[in-house]
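Have a look at the structure below, then the notes.
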Amino acid sequence: MRFEPVPGERALLLEDGERTLVLADLHIGIEAEYREGGVTLPSQTPSLIERVRSLVGSVGPDSIVLLGDVKNTIGGVARQEVEEVPVFLKAVADMAPVHIIPGNHDGSLSRTVPGWGGYDRLIAIRPARGVVLDGVGLFHGHTYPSPEVAACPVLVIGHQHPAVAFRDDLGTLMTEACWVRAPLREDRFRER
């Protein structure tokens, strides 16, 4: 199994005969949370759909895994999510079959998954404790993985939003999303 971050994107490509595009932490509907805090932002869902469309065009995946936090609200579904998550999922499922591994923000996500027009065959919600895909364990990271996932030699985890900070000569701080590749402390991880 080959796995590489897609350059310039918050995406990972898994390849072993079939190509799987992995995306995590989309937080569709986060604009509503900002709005409550006094910051008005337009919906990011249309541009997110276009970014995914561009990624699909460049890497040609056979399937897409959404590795948790598809939506933003914890413990329910906000009106914006009810409206925009189905639009996003239908658009993405028209590009390739979608597998969702729920994250901590994805409670009640099933209420937003289109179940009509054949989309129930193109969009599948998988266990929150993860799945194994060609020997690679995939889980969101807010809960411990299943024993089968934990036993994999390579784990792909979302949830943490890793970033590196840069400060320029004028003191301006800039952050860039990054990937973290690290060995696993098996003695600490496997004991759970």
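Chain identifiers are assigned as A, B, and so on, following the order in which chains appear in the structure tokens; residues are numbered from 1 within each chain, and ligands are numbered from 1 in order of appearance.
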
Fill in: Who sits within 12 Å of Phe139 of chain A, only C-alpha atoms, same chain under 4 positions skipped, as an MDAnalysis selection string
chainID A and resid 22:25 65:69 99:104 126:133 143:150 152 154:160

When DSSP works through the backbone of this structure, what residues of segment 44-170 of chain A end up as helix (DSSP H, G or I), shown as a ChimeraX atom specification?
/A:45-59,79-93,109-112,119-122,147-150

Worksheet item: Among segment 34-168 of chain A, which ones does DSSP place in strand (DSSP E), written as a ChimeraX atom specification?
Response: /A:63-66,98-100,123-125,131-133,136-139,154-157,163-167

Excluding same-chain residues fewer than 6 positions from Thr40 of chain A, what lies within 9 Å of it counting only C-alpha atoms, as an mmCIF file with N, CA and C atoms, in the first residue's frame?
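Done, and the output landed in out.cif:
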```cif
data_model
loop_
_atom_site.group_PDB
_atom_site.id
_atom_site.type_symbol
_atom_site.label_atom_id
_atom_site.label_comp_id
_atom_site.auth_asym_id
_atom_site.auth_seq_id
_atom_site.Cartn_x
_atom_site.Cartn_y
_atom_site.Cartn_z
ATOM 1 N N GLU A 31 -19.400 28.068 9.604
ATOM 2 C CA GLU A 31 -19.696 29.495 9.450
ATOM 3 C C GLU A 31 -20.783 29.943 10.431
ATOM 4 N N ALA A 32 -21.729 29.047 10.749
ATOM 5 C CA ALA A 32 -22.802 29.387 11.700
ATOM 6 C C ALA A 32 -22.224 29.657 13.085
ATOM 7 N N TYR A 34 -19.179 30.801 13.695
ATOM 8 C CA TYR A 34 -18.532 32.114 13.604
ATOM 9 C C TYR A 34 -19.567 33.240 13.642
#
```

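Proximity to Leu41 of chain A was assessed for A:Gly107, A:Pro97, A:Gly29, A:Gly60 counting only C-alpha atoms; the smallest distance is recorded for A:Gly29.
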
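One distance worth recording is that between atom CA of Ala11 of chain A and atom CA of Ile64 of chain A, which is 10.3 Å.
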
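Neighbouring residues of Gly75 of chain A at 8 Å or closer, counting only C-alpha atoms and skipping chain neighbours under 6 positions away, are His105, Asp106, Gly107 and Ser108 of chain A.
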
- Could you pull the residues within 9 Å of segment 175-183 of chain A, counting only C-alpha atoms, minus those fewer than 4 positions along the same chain, as an MDAnalysis selection string? chainID A and resid 5 9:10 161:167

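For the pair atom CA of Lys71 of chain A and atom CA of Leu109 of chain A, the interatomic distance is 7.5 Å.
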
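For Ala91 of chain A, the non-local neighbours within 12 Å, defined as residues at least 4 positions apart in the same chain or in other chains and counting only C-alpha atoms, are Thr45, Pro46, Ser47, Leu48, Ile49, Glu50, Arg51, Val52, Arg53, Val56, Glu84, Val85, Pro86, Val87, Met95, Ala96, Pro97, Val98, Val113, Pro114, Tyr119, Leu122 and Ile123 of chain A.
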
Restrict the selected residues to N, CA and C atoms and save them as a PDB file, in the first residue's frame.
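Writing the result to again-v1.pdb gives the following:
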```pdb
ATOM      1  N   THR A  45     -19.190  25.796   1.565  1.00  0.00           N
ATOM      2  CA  THR A  45     -19.510  24.520   0.937  1.00  0.00           C
ATOM      3  C   THR A  45     -19.331  24.538  -0.583  1.00  0.00           C
ATOM      4  N   PRO A  46     -19.783  25.557  -1.308  1.00  0.00           N
ATOM      5  CA  PRO A  46     -19.546  25.546  -2.765  1.00  0.00           C
ATOM      6  C   PRO A  46     -18.057  25.485  -3.129  1.00  0.00           C
ATOM      7  N   SER A  47     -17.222  26.237  -2.427  1.00  0.00           N
ATOM      8  CA  SER A  47     -15.788  26.192  -2.747  1.00  0.00           C
ATOM      9  C   SER A  47     -15.177  24.863  -2.308  1.00  0.00           C
ATOM     10  N   LEU A  48     -15.692  24.274  -1.234  1.00  0.00           N
ATOM     11  CA  LEU A  48     -15.211  22.959  -0.802  1.00  0.00           C
ATOM     12  C   LEU A  48     -15.543  21.907  -1.857  1.00  0.00           C
ATOM     13  N   ILE A  49     -16.739  21.962  -2.394  1.00  0.00           N
ATOM     14  CA  ILE A  49     -17.118  21.028  -3.463  1.00  0.00           C
ATOM     15  C   ILE A  49     -16.175  21.191  -4.655  1.00  0.00           C
ATOM     16  N   GLU A  50     -15.855  22.417  -5.015  1.00  0.00           N
ATOM     17  CA  GLU A  50     -14.958  22.646  -6.152  1.00  0.00           C
ATOM     18  C   GLU A  50     -13.541  22.159  -5.861  1.00  0.00           C
ATOM     19  N   ARG A  51     -13.082  22.324  -4.612  1.00  0.00           N
ATOM     20  CA  ARG A  51     -11.753  21.803  -4.248  1.00  0.00           C
ATOM     21  C   ARG A  51     -11.724  20.287  -4.378  1.00  0.00           C
ATOM     22  N   VAL A  52     -12.779  19.620  -3.893  1.00  0.00           N
ATOM     23  CA  VAL A  52     -12.840  18.161  -4.001  1.00  0.00           C
ATOM     24  C   VAL A  52     -12.915  17.762  -5.475  1.00  0.00           C
ATOM     25  N   ARG A  53     -13.710  18.473  -6.260  1.00  0.00           N
ATOM     26  CA  ARG A  53     -13.812  18.177  -7.696  1.00  0.00           C
ATOM     27  C   ARG A  53     -12.431  18.293  -8.366  1.00  0.00           C
ATOM     28  N   VAL A  56     -10.307  15.301  -7.231  1.00  0.00           N
ATOM     29  CA  VAL A  56     -10.748  14.092  -7.924  1.00  0.00           C
ATOM     30  C   VAL A  56     -10.245  14.115  -9.367  1.00  0.00           C
ATOM     31  N   GLU A  84     -26.683  22.030   3.865  1.00  0.00           N
ATOM     32  CA  GLU A  84     -25.457  21.951   3.062  1.00  0.00           C
ATOM     33  C   GLU A  84     -24.776  20.587   3.039  1.00  0.00           C
ATOM     34  N   VAL A  85     -24.878  19.809   4.111  1.00  0.00           N
ATOM     35  CA  VAL A  85     -24.215  18.501   4.108  1.00  0.00           C
ATOM     36  C   VAL A  85     -24.776  17.602   3.006  1.00  0.00           C
ATOM     37  N   PRO A  86     -26.112  17.507   2.826  1.00  0.00           N
ATOM     38  CA  PRO A  86     -26.607  16.678   1.718  1.00  0.00           C
ATOM     39  C   PRO A  86     -26.144  17.167   0.345  1.00  0.00           C
ATOM     40  N   VAL A  87     -26.083  18.472   0.160  1.00  0.00           N
ATOM     41  CA  VAL A  87     -25.608  19.029  -1.114  1.00  0.00           C
ATOM     42  C   VAL A  87     -24.160  18.597  -1.348  1.00  0.00           C
ATOM     43  N   MET A  95     -18.979  12.003  -7.821  1.00  0.00           N
ATOM     44  CA  MET A  95     -17.598  11.891  -8.297  1.00  0.00           C
ATOM     45  C   MET A  95     -17.036  10.492  -8.049  1.00  0.00           C
ATOM     46  N   ALA A  96     -17.358   9.895  -6.885  1.00  0.00           N
ATOM     47  CA  ALA A  96     -16.858   8.573  -6.500  1.00  0.00           C
ATOM     48  C   ALA A  96     -17.643   8.112  -5.273  1.00  0.00           C
ATOM     49  N   PRO A  97     -17.731   6.788  -5.034  1.00  0.00           N
ATOM     50  CA  PRO A  97     -18.396   6.311  -3.820  1.00  0.00           C
ATOM     51  C   PRO A  97     -17.728   6.887  -2.570  1.00  0.00           C
ATOM     52  N   VAL A  98     -18.543   7.189  -1.554  1.00  0.00           N
ATOM     53  CA  VAL A  98     -18.072   7.865  -0.345  1.00  0.00           C
ATOM     54  C   VAL A  98     -18.243   6.952   0.866  1.00  0.00           C
ATOM     55  N   VAL A 113     -27.574  12.483   5.513  1.00  0.00           N
ATOM     56  CA  VAL A 113     -27.094  11.680   4.386  1.00  0.00           C
ATOM     57  C   VAL A 113     -28.255  11.403   3.437  1.00  0.00           C
ATOM     58  N   PRO A 114     -28.125  11.785   2.185  1.00  0.00           N
ATOM     59  CA  PRO A 114     -29.208  11.553   1.228  1.00  0.00           C
ATOM     60  C   PRO A 114     -29.504  10.059   1.089  1.00  0.00           C
ATOM     61  N   TYR A 119     -28.429   7.403  -3.828  1.00  0.00           N
ATOM     62  CA  TYR A 119     -27.289   7.847  -3.025  1.00  0.00           C
ATOM     63  C   TYR A 119     -27.025   6.923  -1.841  1.00  0.00           C
ATOM     64  N   LEU A 122     -24.236   4.858  -2.732  1.00  0.00           N
ATOM     65  CA  LEU A 122     -22.969   5.545  -2.996  1.00  0.00           C
ATOM     66  C   LEU A 122     -22.341   6.153  -1.747  1.00  0.00           C
ATOM     67  N   ILE A 123     -23.127   6.285  -0.668  1.00  0.00           N
ATOM     68  CA  ILE A 123     -22.635   6.899   0.564  1.00  0.00           C
ATOM     69  C   ILE A 123     -22.852   5.913   1.702  1.00  0.00           C
TER      70      ILE A 123
END
```

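Residues surrounding Glu18 of chain A within 12 Å are A:Met1, A:Arg2, A:Phe3, A:Leu13, A:Leu14, A:Glu15, A:Leu21, A:Val59, A:Gly60, A:Pro61, A:Asp62, A:Ser63, A:Ile64, A:Leu133, A:Asp134 [only C-alpha atoms; sequence separation below 3 positions excluded].
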
Hey, can you spit out that residue selection with N, CA and C atoms as a PDB file, in the first residue's frame?
```
ATOM      1  N   MET A   1       0.855  -1.185   0.000  1.00  0.00           N
ATOM      2  CA  MET A   1       0.000   0.000   0.000  1.00  0.00           C
ATOM      3  C   MET A   1       0.888   1.231   0.000  1.00  0.00           C
ATOM      4  N   ARG A   2       0.656   2.089  -0.939  1.00  0.00           N
ATOM      5  CA  ARG A   2       1.351   3.373  -1.003  1.00  0.00           C
ATOM      6  C   ARG A   2       0.411   4.437  -0.464  1.00  0.00           C
ATOM      7  N   PHE A   3       0.940   5.336   0.337  1.00  0.00           N
ATOM      8  CA  PHE A   3       0.125   6.431   0.857  1.00  0.00           C
ATOM      9  C   PHE A   3       0.968   7.685   0.876  1.00  0.00           C
ATOM     10  N   LEU A  13      -3.654  10.314  -0.498  1.00  0.00           N
ATOM     11  CA  LEU A  13      -4.006   9.326  -1.508  1.00  0.00           C
ATOM     12  C   LEU A  13      -3.439   7.979  -1.089  1.00  0.00           C
ATOM     13  N   LEU A  14      -4.329   6.995  -0.945  1.00  0.00           N
ATOM     14  CA  LEU A  14      -3.930   5.614  -0.679  1.00  0.00           C
ATOM     15  C   LEU A  14      -4.026   4.869  -1.999  1.00  0.00           C
ATOM     16  N   GLU A  15      -3.006   4.061  -2.278  1.00  0.00           N
ATOM     17  CA  GLU A  15      -2.994   3.385  -3.571  1.00  0.00           C
ATOM     18  C   GLU A  15      -2.462   1.971  -3.428  1.00  0.00           C
ATOM     19  N   LEU A  21      -9.027   8.491  -2.023  1.00  0.00           N
ATOM     20  CA  LEU A  21      -8.746   9.845  -1.566  1.00  0.00           C
ATOM     21  C   LEU A  21      -9.303   9.988  -0.157  1.00  0.00           C
ATOM     22  N   VAL A  59      -6.285  13.367  -9.119  1.00  0.00           N
ATOM     23  CA  VAL A  59      -5.777  12.080  -8.624  1.00  0.00           C
ATOM     24  C   VAL A  59      -6.605  10.887  -9.074  1.00  0.00           C
ATOM     25  N   GLY A  60      -7.829  11.114  -9.578  1.00  0.00           N
ATOM     26  CA  GLY A  60      -8.649  10.033 -10.124  1.00  0.00           C
ATOM     27  C   GLY A  60      -8.938   8.904  -9.159  1.00  0.00           C
ATOM     28  N   PRO A  61      -9.515   9.188  -7.987  1.00  0.00           N
ATOM     29  CA  PRO A  61      -9.759   8.114  -7.026  1.00  0.00           C
ATOM     30  C   PRO A  61     -10.921   7.206  -7.438  1.00  0.00           C
ATOM     31  N   ASP A  62     -10.843   5.948  -6.970  1.00  0.00           N
ATOM     32  CA  ASP A  62     -11.950   5.009  -7.138  1.00  0.00           C
ATOM     33  C   ASP A  62     -12.987   5.198  -6.042  1.00  0.00           C
ATOM     34  N   SER A  63     -12.543   5.723  -4.890  1.00  0.00           N
ATOM     35  CA  SER A  63     -13.448   5.989  -3.775  1.00  0.00           C
ATOM     36  C   SER A  63     -12.877   7.126  -2.936  1.00  0.00           C
ATOM     37  N   ILE A  64     -13.745   7.665  -2.068  1.00  0.00           N
ATOM     38  CA  ILE A  64     -13.364   8.771  -1.191  1.00  0.00           C
ATOM     39  C   ILE A  64     -13.731   8.396   0.234  1.00  0.00           C
ATOM     40  N   LEU A 133      -8.212  -0.697   5.419  1.00  0.00           N
ATOM     41  CA  LEU A 133      -8.233  -0.644   3.963  1.00  0.00           C
ATOM     42  C   LEU A 133      -6.863  -1.073   3.458  1.00  0.00           C
ATOM     43  N   ASP A 134      -6.794  -2.257   2.897  1.00  0.00           N
ATOM     44  CA  ASP A 134      -5.531  -2.788   2.371  1.00  0.00           C
ATOM     45  C   ASP A 134      -4.395  -2.688   3.385  1.00  0.00           C
TER      46      ASP A 134
END
```

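Considering only C-alpha atoms, the residue among A:Leu173, A:Ile74, A:Arg35, A:Leu26 positioned nearest to Leu89 of chain A is A:Leu26.
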
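Rounded to one decimal, atom CA of Ala151 of chain A and atom CA of Arg121 of chain A lie 29.2 Å from each other.
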